[in-house]
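Worksheet: the structure to be examined is printed underneath.
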Amino acid sequence: MASVRALHVVCLFTFLLSAWRIDCQTTCSEHLGARKLPNFQTPLQGKEPQVCVSNMTCCTDQTEDTLRVKAAKKMKTLIDTKYTAAKSSLLSLLDELKAYFQRVVREAHRQTAVFLLSTPKNLTMAEVTVISTFFKDLENYVVDGKMDLQDIVNTFFRDSFPLVLEYVNPSGKTVADTHRQCLKTNMETIQPFGKRPAHLVGIYEQIFQPVRELLSSLKFAIELMNKAQQFNFTSGCKKTLLQMEFCSLCQGFDKVMPCYSYCKEGLRRCLSSEILLQTKWGKFIENVYLLSESIANSNLENLSNTMYKDLWDAAMLVLIQKHSVMKQVLDKCGTPQYINTPHSKTSLYTKSVASTPHVKIRLFSKMDSAKLKVLAQKSFYEGLPEELCVVEELSARQEDSEDCWNGKSIGRYTGLESSDVEMSTQEGNHLKLLMDKLHEKNREIRKLITDNEVNEADESGSSSGSGGQENGSADCVEDDEDCGSGGGWSGNKINNEITEEDSTKDSDVYLVNGTKEPSNEVDDTQGGGVPNASQSGNVLAQGNVSSHLASCLFNILALLLFLLLIRNW
């Protein structure tokens with residue numbers, strides 16, 4: 001009977017001891033895949049892991065090869081997700097601002113139409129077509145940048161010249177097409193509008209060029225991100241990713257996560273090209289911010305509301321000096337030829353103009369919203385490691401500095417073995433190319449802002465500028481040495497100590513269509529930012545070593561209690 005009881009005790013003891021070993025020691029995780037060892041054991045001779053080195057392991061050298069590729073592919077996917085979110089944010093802002101400035105020009109068109117329809121002279125379809133074409137071309141000039149401003153203005157005045165001269169014709173007859181064409185051809189020689197066309201070109205360029213540059217800069221930012229996304233991981237990065245994500249599994253710890261400092265420092269090494277690009281990128285975002293501020297303080301809003309006055313004044317100038325103009329017309333084109341039937345080719349315009357303004361948000365409010373969304377991207381490259389380690393939960397919490405994976409074991413992270421980062425010649429050249437492009441764009445933006453400040457000072461008789469320059473950035477002409485062009489890149493080797501502290505409508509649609517245009521306005525009270533990507537399924541984010549140890553402690557206490565009971569029994 002005693003032997004049976006002893007056998008029961010031994011069996012129960014063996015069962016508890018086995019359970020303790022499964023929970024408190026280590027087991028080969030299913031997350032390692034089919035190439036893992038069947039159980040936790042001494043490294044197989046000739047197949048020992050080369051990176052995840054330990055006395056007991058679940059991995060072989062072949063397992064490491066598979067995990068190295070898996071870790072790099074997973075990290076690349078997460079990084080691409082961050083790029084996609086940032087580019088999507090910038091593209092959304094670009095489309096939003098394009099639509100807004102299109103509405104600004106359309107509003108100028110609408111107000112011009114309202115004004116002209118209120119004059120005693122009835123508008124003809126020919127006049128409406130000339131005006132509509134002018135504003136449509138101006139709209140395309142602002143948002144697309146494919147048209148020449150001087151050509152747009154000259155074409156408008158050239159096409160307007162014969163129409164304005166018809167006011168001088170007391171009989172109300174329509175000028176023949178041959179004479180009309182002659183007037184257009186000789187408009188710049190006759191100069192019936194004086195210096196007004198050239199004057200308006202200067203005004204429009206000063207007002208609209210910053211808008212064009214802002215839209216161009218946002219498009220440039222997206223294109224640069226596309227090129228930066230082509231960076232490959234630096235030499236040694238795949239080894240770092242393997243150590244960080246899978247070496248703990250090779251030692252059987254499937255519920256421990258990399259230390260926060262370890263994760264952040266390791267990713268900064270992997271993303272060294274992006275980190276070096278940050279200085280130029282940060283300066284670029286600052287300049288785009290200042291450009292947005294300059295537009296907010298510009299005369300754009302007032303210009304769009306009063307553009308019709310300048311056009312009307314130019315037309316009135318022809319009538320004021322009609323005797324001088326007619327003398328030159330007779331000299332260049334001869335006696336005017338008229339069509340016999342009055343108004344046979346000048347049908348009157350009779351449709352109403354939309355009464356609802358196209359712009360519902362003030363310029364300063366729209367630019368305030370844009371500045372916030374632009375500024376949200378300032379630290380994109382430098383912030384990638386933080387985004388991945390914290391937002392994507394690739395690391396343990398900062399306060400869990402003792403119970404985390406440091407690359408070799410569970411414990412405090414003390415730093416990477418080497419601070420040298422290898423970069424291939426191809427990667428180095430690609431980085432330099434992007435640096436140069438940012439350098440040129442920064443110079444372009446700063447020159448535009450400075451030129452506009454000078455023009456505004458000349459017009460106002462003061463040097464108040466456009467504001468927002470107290471930080472002294474206006475004095476920096478973006479020189480590589482003085483403004484920080486990302487120095488430190490040299491050849492194939494970067495001795496870069498990366499630490500945590502381094503931081504289809506008709507041409508006269510707006511006159512013809514009296515219906516309210518659908519509103520595509522967005523809520524401008526909200527700031528922008530990089531949307532968070534969906535959470536990843538990181539195998540290291542499945543538990544915490546503290547819960548693992550607590551379970552071990554519980555089983556040990558249960559075993560001691562059992563032995564105490566056996567002894568008393």
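Going by the structure tokens order, chains are called A, B, ..., each with residues numbered from 1, while ligands are numbered from 1 in the order shown.
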
Counting only C-alpha atoms, which residues in segment 196-254 of chain A sit no more than 6 Å from segment 265-287 of chain A? For each one, give the nearest pair of atoms and the distance in Å, sorted by chain then residue number, as JSON lines.
{"residue": "A:Phe233", "atom": "CA", "partner": "A:Cys270", "partner_atom": "CA", "distance": 5.4}
{"residue": "A:Thr234", "atom": "CA", "partner": "A:Cys270", "partner_atom": "CA", "distance": 5.5}
{"residue": "A:Cys237", "atom": "CA", "partner": "A:Cys270", "partner_atom": "CA", "distance": 5.0}

Mind dumping the selected residues with N, CA and C atoms as a short mmCIF file (atom, residue, chain, number, x, y, z; two decimals), in the first residue's frame?
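Everything below was put into out26.cif:
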data_model
loop_
_atom_site.label_atom_id
_atom_site.label_comp_id
_atom_site.auth_asym_id
_atom_site.auth_seq_id
_atom_site.Cartn_x
_atom_site.Cartn_y
_atom_site.Cartn_z
N PHE A 233 17.56 48.98 -47.01
CA PHE A 233 18.13 48.92 -45.67
C PHE A 233 19.65 48.92 -45.76
N THR A 234 20.31 49.57 -44.81
CA THR A 234 21.76 49.63 -44.79
C THR A 234 22.35 48.26 -44.45
N CYS A 237 21.56 45.86 -41.36
CA CYS A 237 20.21 46.11 -40.84
C CYS A 237 19.44 44.81 -40.67
#

Can you list every residue in segment 63-177 of chain A that DSSP puts in alpha helix (DSSP H), as an NGL selection string? :A and (63-117 or 125-144 or 149-165 or 177)

Select from segment 318-405 of chain A every residue with an atom at most 12 Å from any atom of segment 293-305 of chain A, then for each give the shortest pair of atoms and their distance in Å to one decimal, using only C-alpha atoms, rows by chain and rising number, as CSV.
residue,atom,partner,partner_atom,distance
A:Pro357,CA,A:Asn305,CA,10.6
A:His358,CA,A:Ser304,CA,11.3
A:Val359,CA,A:Glu301,CA,10.0
A:Lys360,CA,A:Glu301,CA,11.9
A:Ile361,CA,A:Glu301,CA,10.8
A:Arg362,CA,A:Glu301,CA,8.1
A:Leu363,CA,A:Ala296,CA,6.0
A:Phe364,CA,A:Ala296,CA,4.7
A:Ser365,CA,A:Ala296,CA,8.1
A:Lys366,CA,A:Ala296,CA,8.1
A:Met367,CA,A:Ala296,CA,5.7
A:Asp368,CA,A:Glu293,CA,7.7
A:Ser369,CA,A:Glu293,CA,10.7
A:Ala370,CA,A:Glu293,CA,9.3
A:Lys371,CA,A:Glu293,CA,7.5
A:Leu372,CA,A:Glu293,CA,10.9
A:Val374,CA,A:Glu293,CA,11.4
A:Leu375,CA,A:Glu293,CA,11.9

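When only C-alpha atoms are used to measure the gap to His199 of chain A, the shortest distance among A:Ile449, A:Lys255, A:Tyr141, A:Asn154 belongs to A:Asn154.
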
So the first atom is atom CA of Lys378 of chain A and the second is atom CA of Met423 of chain A; what is the distance between them in Å, to one decimal place? 24.6 Å

Residue among A:Phe220, A:Phe193, A:Tyr289, A:Tyr260 lying closest to Leu90 of chain A, counting only C-alpha atoms: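 Closest candidate: A:Phe220.
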
Between A:Leu200, A:Met244, A:Leu37, A:Ile339, single out the one closest to Val51 of chain A, counting only C-alpha atoms.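 Going through A:Leu200, A:Met244, A:Leu37, A:Ile339 one by one, the smallest distance to Val51 of chain A is for A:Met244.
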
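Remark: for Leu384 of chain A, the closest of the candidate residues A:Ile203, A:Leu91, A:Leu67, A:Cys263 is A:Cys263 (distances computed over only C-alpha atoms).
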